[in-house]
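Enquirer: The structure is given below, and queries will be raised subsequently.
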Amino acid sequence: MENKTILEDYEEILGNKKLTNGQEKALLSAINLFAKQGYDATSTAQIAKNAGISEATIFKYYSTKEKLLLEIINLITTELFPKFQRKFFSEVNEVSDKSLKEIITFIVINRFEFMKKNHQILRIFIQESLTKIKIRQMVSEGFVEAIKSNQEIFTEFRKLVGSKHPDYDAIVLVRIITGPMIAYFLQRFIFAPNAPCDEKRDLDLIITQILSGGLE
């Protein structure tokens, strides 16, 4: 499976949707500007200019900037979350013969590479989820629905986790790993993006922190 970025997959989705030319241009322009400048720093006038359309065209389909953002989030959570999950679970299941420590190491490095490659888009999700309840709900529901659509491969992942550490369910393991990784992502790409860092050292510390929390 190709390692496309979220933005590349998003562009492909728009191309396959039955959208008007104005809708497609607005949605593509908006996600690019939100990613580069941030949601709050981007105006509908800038989105229209970047898309080569009028603001009236945007408001014809999306009455507010927030509704434009919600449509972007909806497309990603419903169309792309299942694909991302399927790829991730498949990759983890492929290293099922490794020790728990090696699997945790693989997951941390694998997910951070994904986060780093898509940090601009993920920054939109995280920042806007902090202030908009609707987006938090969409992300949460999208995650659950993606698991339902990938039930077979998720069951394999759950069996793998159970075989390595019977005391932990797969969802618990994901939560234990996700916490420190999101904290590191916030530090690296939101709160202190220009601060010097030693990525390998930092990821090694995260792995040690996860394992020392009772997983070894």
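Letters for chains follow the order of the structure tokens (A, B, ...), residue numbers begin at 1 for each chain, and ligand numbers begin at 1 in the order shown.
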Please list as a PyMOL selection string every residue within 7 Å of range 152-157 of chain A, counting only C-alpha atoms and excluding residues in the same chain fewer than 6 positions away.

Expert: chain A and resi 89-90+93

Enquirer: Would you mind exporting N, CA and C atoms of the selected residues as a PDB file, in the first residue's frame?

Expert:
```pdb
ATOM      1  N   PHE A  89      -2.841  -1.465  11.464  1.00  0.00           N
ATOM      2  CA  PHE A  89      -3.028  -2.779  12.076  1.00  0.00           C
ATOM      3  C   PHE A  89      -2.335  -3.874  11.253  1.00  0.00           C
ATOM      4  N   SER A  90      -2.392  -3.744   9.933  1.00  0.00           N
ATOM      5  CA  SER A  90      -1.728  -4.732   9.069  1.00  0.00           C
ATOM      6  C   SER A  90      -0.227  -4.729   9.302  1.00  0.00           C
ATOM      7  N   ASN A  93       0.513  -6.332  12.696  1.00  0.00           N
ATOM      8  CA  ASN A  93       0.307  -7.779  12.650  1.00  0.00           C
ATOM      9  C   ASN A  93       1.441  -8.499  11.920  1.00  0.00           C
TER      10      ASN A  93
END
```

Enquirer: Which residues are near range 201-207 of chain A? Cut-off 10 Å, only C-alpha atoms, ignore same chain within fewer than 2 positions. Put them as an mmCIF file with all heavy atoms, in the first residue's frame.

Expert:
```cif
data_model
loop_
_atom_site.group_PDB
_atom_site.id
_atom_site.type_symbol
_atom_site.label_atom_id
_atom_site.label_comp_id
_atom_site.auth_asym_id
_atom_site.auth_seq_id
_atom_site.Cartn_x
_atom_site.Cartn_y
_atom_site.Cartn_z
ATOM 1 N N LYS A 101 8.444 -5.713 23.549
ATOM 2 C CA LYS A 101 9.276 -4.502 23.486
ATOM 3 C C LYS A 101 9.535 -4.106 22.042
ATOM 4 O O LYS A 101 9.464 -2.916 21.691
ATOM 5 C CB LYS A 101 10.602 -4.728 24.217
ATOM 6 C CG LYS A 101 11.503 -3.500 24.194
ATOM 7 C CD LYS A 101 12.796 -3.740 24.967
ATOM 8 C CE LYS A 101 13.679 -2.485 24.934
ATOM 9 N NZ LYS A 101 14.936 -2.683 25.697
ATOM 10 N N GLU A 102 9.824 -5.076 21.184
ATOM 11 C CA GLU A 102 10.085 -4.774 19.774
ATOM 12 C C GLU A 102 8.832 -4.269 19.081
ATOM 13 O O GLU A 102 8.899 -3.373 18.228
ATOM 14 C CB GLU A 102 10.612 -6.033 19.070
ATOM 15 C CG GLU A 102 12.024 -6.419 19.475
ATOM 16 C CD GLU A 102 12.448 -7.756 18.897
ATOM 17 O OE1 GLU A 102 11.640 -8.715 18.945
ATOM 18 O OE2 GLU A 102 13.588 -7.855 18.399
ATOM 19 N N ILE A 104 6.283 -2.650 20.578
ATOM 20 C CA ILE A 104 6.047 -1.291 21.071
ATOM 21 C C ILE A 104 6.979 -0.309 20.365
ATOM 22 O O ILE A 104 6.568 0.784 19.955
ATOM 23 C CB ILE A 104 6.255 -1.208 22.601
ATOM 24 C CG1 ILE A 104 5.232 -2.078 23.346
ATOM 25 C CG2 ILE A 104 6.156 0.244 23.081
ATOM 26 C CD1 ILE A 104 3.800 -1.683 23.155
ATOM 27 N N THR A 105 8.232 -0.695 20.220
ATOM 28 C CA THR A 105 9.211 0.153 19.527
ATOM 29 C C THR A 105 8.763 0.407 18.095
ATOM 30 O O THR A 105 8.807 1.545 17.600
ATOM 31 C CB THR A 105 10.597 -0.514 19.534
ATOM 32 O OG1 THR A 105 11.034 -0.680 20.884
ATOM 33 C CG2 THR A 105 11.613 0.338 18.775
ATOM 34 N N PHE A 106 8.321 -0.645 17.426
ATOM 35 C CA PHE A 106 7.840 -0.512 16.044
ATOM 36 C C PHE A 106 6.660 0.446 15.970
ATOM 37 O O PHE A 106 6.606 1.322 15.106
ATOM 38 C CB PHE A 106 7.438 -1.882 15.491
ATOM 39 C CG PHE A 106 6.784 -1.812 14.139
ATOM 40 C CD1 PHE A 106 7.545 -1.708 12.985
ATOM 41 C CD2 PHE A 106 5.389 -1.812 14.020
ATOM 42 C CE1 PHE A 106 6.938 -1.619 11.735
ATOM 43 C CE2 PHE A 106 4.776 -1.720 12.781
ATOM 44 C CZ PHE A 106 5.553 -1.625 11.624
ATOM 45 N N ILE A 107 5.701 0.288 16.892
ATOM 46 C CA ILE A 107 4.503 1.132 16.882
ATOM 47 C C ILE A 107 4.862 2.599 17.092
ATOM 48 O O ILE A 107 4.380 3.485 16.380
ATOM 49 C CB ILE A 107 3.496 0.668 17.963
ATOM 50 C CG1 ILE A 107 2.905 -0.689 17.581
ATOM 51 C CG2 ILE A 107 2.381 1.707 18.148
ATOM 52 C CD1 ILE A 107 2.013 -1.292 18.650
ATOM 53 N N VAL A 108 5.715 2.878 18.077
ATOM 54 C CA VAL A 108 6.093 4.264 18.377
ATOM 55 C C VAL A 108 6.790 4.913 17.178
ATOM 56 O O VAL A 108 6.439 6.033 16.775
ATOM 57 C CB VAL A 108 7.007 4.324 19.622
ATOM 58 C CG1 VAL A 108 7.629 5.715 19.769
ATOM 59 C CG2 VAL A 108 6.218 3.966 20.874
ATOM 60 N N ILE A 109 7.738 4.220 16.589
ATOM 61 C CA ILE A 109 8.469 4.783 15.446
ATOM 62 C C ILE A 109 7.549 4.914 14.239
ATOM 63 O O ILE A 109 7.553 5.936 13.538
ATOM 64 C CB ILE A 109 9.698 3.905 15.115
ATOM 65 C CG1 ILE A 109 10.705 3.991 16.262
ATOM 66 C CG2 ILE A 109 10.344 4.355 13.803
ATOM 67 C CD1 ILE A 109 11.893 3.051 16.122
ATOM 68 N N PHE A 112 5.052 7.784 14.849
ATOM 69 C CA PHE A 112 5.646 9.117 14.840
ATOM 70 C C PHE A 112 6.023 9.528 13.421
ATOM 71 O O PHE A 112 5.880 10.701 13.055
ATOM 72 C CB PHE A 112 6.872 9.209 15.743
ATOM 73 C CG PHE A 112 7.404 10.610 15.810
ATOM 74 C CD1 PHE A 112 6.689 11.605 16.465
ATOM 75 C CD2 PHE A 112 8.582 10.965 15.165
ATOM 76 C CE1 PHE A 112 7.139 12.918 16.482
ATOM 77 C CE2 PHE A 112 9.037 12.277 15.185
ATOM 78 C CZ PHE A 112 8.313 13.255 15.844
ATOM 79 N N ILE A 177 -0.063 4.087 24.602
ATOM 80 C CA ILE A 177 0.955 4.552 23.653
ATOM 81 C C ILE A 177 0.623 5.950 23.138
ATOM 82 O O ILE A 177 1.507 6.804 22.974
ATOM 83 C CB ILE A 177 1.081 3.565 22.475
ATOM 84 C CG1 ILE A 177 1.627 2.220 22.970
ATOM 85 C CG2 ILE A 177 1.985 4.136 21.381
ATOM 86 C CD1 ILE A 177 1.622 1.137 21.928
ATOM 87 N N GLY A 179 -0.993 8.543 24.499
ATOM 88 C CA GLY A 179 -0.811 9.672 25.412
ATOM 89 C C GLY A 179 0.536 10.365 25.289
ATOM 90 O O GLY A 179 0.604 11.563 24.945
ATOM 91 N N PRO A 180 1.647 9.655 25.541
ATOM 92 C CA PRO A 180 2.957 10.321 25.445
ATOM 93 C C PRO A 180 3.315 10.757 24.033
ATOM 94 O O PRO A 180 4.039 11.745 23.855
ATOM 95 C CB PRO A 180 3.931 9.252 25.964
ATOM 96 C CG PRO A 180 3.209 7.963 25.889
ATOM 97 C CD PRO A 180 1.758 8.288 26.073
ATOM 98 N N MET A 181 2.777 10.070 23.026
ATOM 99 C CA MET A 181 3.103 10.466 21.653
ATOM 100 C C MET A 181 2.418 11.768 21.270
ATOM 101 O O MET A 181 3.008 12.613 20.589
ATOM 102 C CB MET A 181 2.733 9.338 20.687
ATOM 103 C CG MET A 181 3.594 8.108 20.868
ATOM 104 S SD MET A 181 3.626 7.062 19.415
ATOM 105 C CE MET A 181 4.450 8.103 18.234
ATOM 106 N N TYR A 184 4.293 14.557 22.918
ATOM 107 C CA TYR A 184 5.537 14.863 22.194
ATOM 108 C C TYR A 184 5.224 15.620 20.904
ATOM 109 O O TYR A 184 5.934 16.561 20.531
ATOM 110 C CB TYR A 184 6.284 13.569 21.894
ATOM 111 C CG TYR A 184 7.630 13.769 21.225
ATOM 112 C CD1 TYR A 184 8.587 14.610 21.789
ATOM 113 C CD2 TYR A 184 7.943 13.115 20.044
ATOM 114 C CE1 TYR A 184 9.827 14.802 21.187
ATOM 115 C CE2 TYR A 184 9.178 13.286 19.432
ATOM 116 C CZ TYR A 184 10.120 14.130 20.004
ATOM 117 O OH TYR A 184 11.346 14.313 19.398
ATOM 118 N N CYS A 197 16.036 19.500 19.119
ATOM 119 C CA CYS A 197 15.632 18.236 19.736
ATOM 120 C C CYS A 197 16.497 17.098 19.211
ATOM 121 O O CYS A 197 17.110 17.205 18.149
ATOM 122 C CB CYS A 197 14.159 17.940 19.464
ATOM 123 S SG CYS A 197 13.816 17.510 17.750
ATOM 124 N N ASP A 198 16.548 16.036 19.978
ATOM 125 C CA ASP A 198 17.215 14.804 19.577
ATOM 126 C C ASP A 198 16.109 13.769 19.421
ATOM 127 O O ASP A 198 15.685 13.151 20.396
ATOM 128 C CB ASP A 198 18.228 14.384 20.649
ATOM 129 C CG ASP A 198 19.024 13.146 20.252
ATOM 130 O OD1 ASP A 198 18.504 12.333 19.458
ATOM 131 O OD2 ASP A 198 20.152 12.984 20.741
ATOM 132 N N GLU A 199 15.639 13.602 18.208
ATOM 133 C CA GLU A 199 14.456 12.773 17.970
ATOM 134 C C GLU A 199 14.641 11.327 18.418
ATOM 135 O O GLU A 199 13.755 10.748 19.059
ATOM 136 C CB GLU A 199 14.081 12.815 16.493
ATOM 137 C CG GLU A 199 12.780 12.114 16.173
ATOM 138 C CD GLU A 199 12.394 12.296 14.715
ATOM 139 O OE1 GLU A 199 12.129 13.445 14.315
ATOM 140 O OE2 GLU A 199 12.355 11.285 13.988
ATOM 141 N N GLN A 209 9.293 4.916 28.740
ATOM 142 C CA GLN A 209 8.181 5.357 29.574
ATOM 143 C C GLN A 209 6.984 4.428 29.428
ATOM 144 O O GLN A 209 6.355 4.041 30.426
ATOM 145 C CB GLN A 209 7.782 6.783 29.182
ATOM 146 C CG GLN A 209 6.580 7.318 29.944
ATOM 147 C CD GLN A 209 6.124 8.679 29.411
ATOM 148 O OE1 GLN A 209 6.812 9.304 28.602
ATOM 149 N NE2 GLN A 209 4.965 9.134 29.833
ATOM 150 N N ILE A 210 6.667 4.047 28.203
ATOM 151 C CA ILE A 210 5.530 3.147 27.955
ATOM 152 C C ILE A 210 5.773 1.789 28.584
ATOM 153 O O ILE A 210 4.896 1.241 29.283
ATOM 154 C CB ILE A 210 5.293 3.002 26.436
ATOM 155 C CG1 ILE A 210 4.787 4.328 25.838
ATOM 156 C CG2 ILE A 210 4.276 1.884 26.159
ATOM 157 C CD1 ILE A 210 4.801 4.361 24.327
ATOM 158 N N LEU A 211 6.967 1.250 28.402
ATOM 159 C CA LEU A 211 7.269 -0.076 28.922
ATOM 160 C C LEU A 211 7.343 -0.083 30.446
ATOM 161 O O LEU A 211 6.928 -1.048 31.105
ATOM 162 C CB LEU A 211 8.589 -0.578 28.327
ATOM 163 C CG LEU A 211 8.539 -0.935 26.838
ATOM 164 C CD1 LEU A 211 9.934 -1.170 26.291
ATOM 165 C CD2 LEU A 211 7.665 -2.154 26.602
ATOM 166 N N SER A 212 7.828 0.993 31.027
ATOM 167 C CA SER A 212 7.960 1.068 32.477
ATOM 168 C C SER A 212 6.616 1.250 33.161
ATOM 169 O O SER A 212 6.506 1.123 34.387
ATOM 170 C CB SER A 212 8.897 2.213 32.891
ATOM 171 O OG SER A 212 8.333 3.466 32.524
#
```

Enquirer: Which residue gives the smallest distance to Phe114 in chain A among A:Lys98, A:Lys87, A:Lys17, A:Arg136, with only C-alpha atoms counted?

Expert: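 Closest to Phe114 in chain A of all the choices is A:Lys87.
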
Enquirer: Tell me, in Å to one decimal, how far CA of Ala51 in chain A is from CA of Ser129 in chain A.

Expert: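 CA of Ser129 in chain A lies at a distance of 25.7 Å from CA of Ala51 in chain A.
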
Enquirer: Using only C-alpha atoms for the distances, tell me which of A:Ile47, A:Ile133, A:Ala30, A:Val144 is nearest to Phe81 in chain A.

Expert: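 Of A:Ile47, A:Ile133, A:Ala30, A:Val144, the one nearest Phe81 in chain A, counting only C-alpha atoms, is A:Val144.
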
Enquirer: Excluding Gln120 in chain A and residues on its chain fewer than 4 positions from it, collect all residues at most 12 Å away from it, counting only C-alpha atoms, and give them as number ranges by chain.

Expert: A: 5-7, 31-39, 114-116, 124-127, 185-186, 188-190, 193

Enquirer: Selection from above, N, CA and C atoms, as a CSV table (one decimal), in the first residue's frame, can you write it?

Expert:
```csv
chain,number,residue,atom,x,y,z
A,5,THR,N,0.5,10.9,1.8
A,5,THR,CA,0.1,11.7,2.9
A,5,THR,C,-1.4,11.9,3.0
A,6,ILE,N,-1.8,12.4,4.2
A,6,ILE,CA,-3.3,12.7,4.3
A,6,ILE,C,-3.7,13.6,3.2
A,7,LEU,N,-3.0,14.6,2.9
A,7,LEU,CA,-3.4,15.6,1.9
A,7,LEU,C,-3.5,15.0,0.6
A,31,ILE,N,-8.1,23.4,3.0
A,31,ILE,CA,-7.3,22.5,3.8
A,31,ILE,C,-5.8,22.9,3.7
A,32,ASN,N,-5.4,23.3,2.5
A,32,ASN,CA,-4.0,23.8,2.3
A,32,ASN,C,-3.7,25.0,3.1
A,33,LEU,N,-4.6,26.0,3.1
A,33,LEU,CA,-4.3,27.2,3.9
A,33,LEU,C,-4.5,26.9,5.4
A,34,PHE,N,-5.4,26.1,5.8
A,34,PHE,CA,-5.5,25.8,7.2
A,34,PHE,C,-4.3,25.1,7.7
A,35,ALA,N,-3.7,24.2,6.9
A,35,ALA,CA,-2.5,23.5,7.2
A,35,ALA,C,-1.3,24.4,7.3
A,36,LYS,N,-1.2,25.4,6.4
A,36,LYS,CA,0.0,26.3,6.4
A,36,LYS,C,-0.1,27.4,7.4
A,37,GLN,N,-1.3,28.0,7.5
A,37,GLN,CA,-1.5,29.2,8.4
A,37,GLN,C,-2.2,29.0,9.7
A,38,GLY,N,-2.9,27.9,9.8
A,38,GLY,CA,-3.8,27.6,10.9
A,38,GLY,C,-5.2,28.1,10.6
A,39,TYR,N,-6.2,27.5,11.2
A,39,TYR,CA,-7.6,27.8,11.0
A,39,TYR,C,-7.9,29.3,11.3
A,114,PHE,N,4.4,8.7,10.8
A,114,PHE,CA,3.1,9.1,10.2
A,114,PHE,C,2.7,10.5,10.7
A,115,MET,N,2.9,10.8,12.0
A,115,MET,CA,2.6,12.1,12.5
A,115,MET,C,3.5,13.2,12.0
A,116,LYS,N,4.7,12.9,11.9
A,116,LYS,CA,5.7,13.9,11.4
A,116,LYS,C,5.4,14.2,9.9
A,124,ILE,N,-4.2,20.7,12.7
A,124,ILE,CA,-5.6,21.2,12.6
A,124,ILE,C,-6.5,20.4,13.5
A,125,PHE,N,-6.4,19.1,13.4
A,125,PHE,CA,-7.3,18.2,14.2
A,125,PHE,C,-7.1,18.5,15.7
A,126,ILE,N,-5.9,18.5,16.1
A,126,ILE,CA,-5.6,18.6,17.6
A,126,ILE,C,-6.0,20.0,18.1
A,127,GLN,N,-5.6,21.1,17.4
A,127,GLN,CA,-5.9,22.4,17.8
A,127,GLN,C,-7.4,22.7,17.9
A,185,PHE,N,4.2,15.2,20.2
A,185,PHE,CA,3.7,15.9,19.0
A,185,PHE,C,3.4,17.4,19.3
A,186,LEU,N,2.7,17.6,20.4
A,186,LEU,CA,2.4,19.0,20.7
A,186,LEU,C,3.6,19.8,21.0
A,188,ARG,N,6.7,19.2,19.8
A,188,ARG,CA,7.5,19.4,18.6
A,188,ARG,C,6.9,20.3,17.5
A,189,PHE,N,5.6,20.2,17.4
A,189,PHE,CA,5.0,20.8,16.2
A,189,PHE,C,4.0,22.0,16.5
A,190,ILE,N,3.7,22.2,17.8
A,190,ILE,CA,2.7,23.2,18.1
A,190,ILE,C,3.3,24.2,19.1
A,193,PRO,N,8.0,24.5,18.0
A,193,PRO,CA,8.4,23.9,16.8
A,193,PRO,C,9.8,24.2,16.3
```

Enquirer: To one decimal place, how far is CA of Asn150 in chain A from CA of Ser163 in chain A in Å?

Expert: 20.0 Å

Enquirer: Rounded to one decimal place, report the CA of Leu68 in chain A-CA of Gln23 in chain A distance in Å.

Expert: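 Value for the CA of Leu68 in chain A-CA of Gln23 in chain A distance: 9.7 Å.
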
Enquirer: Quick one: residues within 12 Å of Tyr61 in chain A, only C-alpha atoms counted, chain neighbours fewer than 5 positions away excluded, as a JSON list (two decimals) with N, CA, C and O atoms, in the first residue's frame?

Expert:
```json
[["chain", "number", "residue", "atom", "x", "y", "z"],
["A", 19, "LEU", "N", -18.73, 16.45, -6.71],
["A", 19, "LEU", "CA", -18.76, 17.83, -6.23],
["A", 19, "LEU", "C", -18.76, 18.78, -7.41],
["A", 19, "LEU", "O", -18.26, 18.45, -8.49],
["A", 20, "THR", "N", -19.27, 19.97, -7.17],
["A", 20, "THR", "CA", -19.15, 21.00, -8.21],
["A", 20, "THR", "C", -17.70, 21.47, -8.23],
["A", 20, "THR", "O", -16.94, 21.25, -7.27],
["A", 21, "ASN", "N", -17.33, 22.14, -9.31],
["A", 21, "ASN", "CA", -15.97, 22.66, -9.41],
["A", 21, "ASN", "C", -15.68, 23.64, -8.28],
["A", 21, "ASN", "O", -14.59, 23.64, -7.70],
["A", 22, "GLY", "N", -16.67, 24.45, -7.92],
["A", 22, "GLY", "CA", -16.50, 25.43, -6.84],
["A", 22, "GLY", "C", -16.29, 24.76, -5.50],
["A", 22, "GLY", "O", -15.45, 25.18, -4.70],
["A", 23, "GLN", "N", -17.06, 23.70, -5.21],
["A", 23, "GLN", "CA", -16.90, 22.98, -3.95],
["A", 23, "GLN", "C", -15.51, 22.36, -3.84],
["A", 23, "GLN", "O", -14.85, 22.47, -2.80],
["A", 24, "GLU", "N", -15.10, 21.69, -4.90],
["A", 24, "GLU", "CA", -13.80, 21.02, -4.87],
["A", 24, "GLU", "C", -12.67, 22.02, -4.66],
["A", 24, "GLU", "O", -11.76, 21.80, -3.86],
["A", 25, "LYS", "N", -12.73, 23.14, -5.38],
["A", 25, "LYS", "CA", -11.68, 24.16, -5.24],
["A", 25, "LYS", "C", -11.68, 24.76, -3.83],
["A", 25, "LYS", "O", -10.61, 24.99, -3.25],
["A", 26, "ALA", "N", -12.86, 25.00, -3.28],
["A", 26, "ALA", "CA", -12.95, 25.57, -1.94],
["A", 26, "ALA", "C", -12.38, 24.62, -0.89],
["A", 26, "ALA", "O", -11.61, 25.03, 0.00],
["A", 27, "LEU", "N", -12.75, 23.35, -0.96],
["A", 27, "LEU", "CA", -12.29, 22.36, 0.01],
["A", 27, "LEU", "C", -10.78, 22.13, -0.08],
["A", 27, "LEU", "O", -10.10, 21.96, 0.93],
["A", 54, "SER", "N", -14.89, 33.06, -6.14],
["A", 54, "SER", "CA", -15.36, 34.19, -5.33],
["A", 54, "SER", "C", -15.78, 33.70, -3.95],
["A", 54, "SER", "O", -16.08, 32.52, -3.75],
["A", 55, "GLU", "N", -15.81, 34.62, -2.97],
["A", 55, "GLU", "CA", -16.31, 34.27, -1.64],
["A", 55, "GLU", "C", -17.76, 33.84, -1.73],
["A", 55, "GLU", "O", -18.20, 32.96, -0.96],
["A", 56, "ALA", "N", -18.49, 34.42, -2.66],
["A", 56, "ALA", "CA", -19.91, 34.07, -2.81],
["A", 56, "ALA", "C", -20.06, 32.59, -3.16],
["A", 56, "ALA", "O", -21.01, 31.94, -2.72],
["A", 67, "LYS", "N", -18.19, 25.71, 8.97],
["A", 67, "LYS", "CA", -18.86, 24.63, 8.25],
["A", 67, "LYS", "C", -17.95, 24.05, 7.17],
["A", 67, "LYS", "O", -18.00, 22.85, 6.86],
["A", 68, "LEU", "N", -17.11, 24.90, 6.60],
["A", 68, "LEU", "CA", -16.12, 24.43, 5.64],
["A", 68, "LEU", "C", -15.11, 23.50, 6.33],
["A", 68, "LEU", "O", -14.78, 22.43, 5.82],
["A", 71, "GLU", "N", -16.71, 20.12, 7.12],
["A", 71, "GLU", "CA", -16.80, 19.24, 5.95],
["A", 71, "GLU", "C", -15.45, 18.56, 5.67],
["A", 71, "GLU", "O", -15.40, 17.38, 5.32]]
```

Enquirer: Could you find all residues in chain A that DSSP calls alpha helix (DSSP H) from the backbone, and write them as a PyMOL selection string?

Expert: chain A and resi 6-16+21-37+44-51+55-61+65-75+81-93+100-117+119-131+133-149+151-164+170-186+199-210
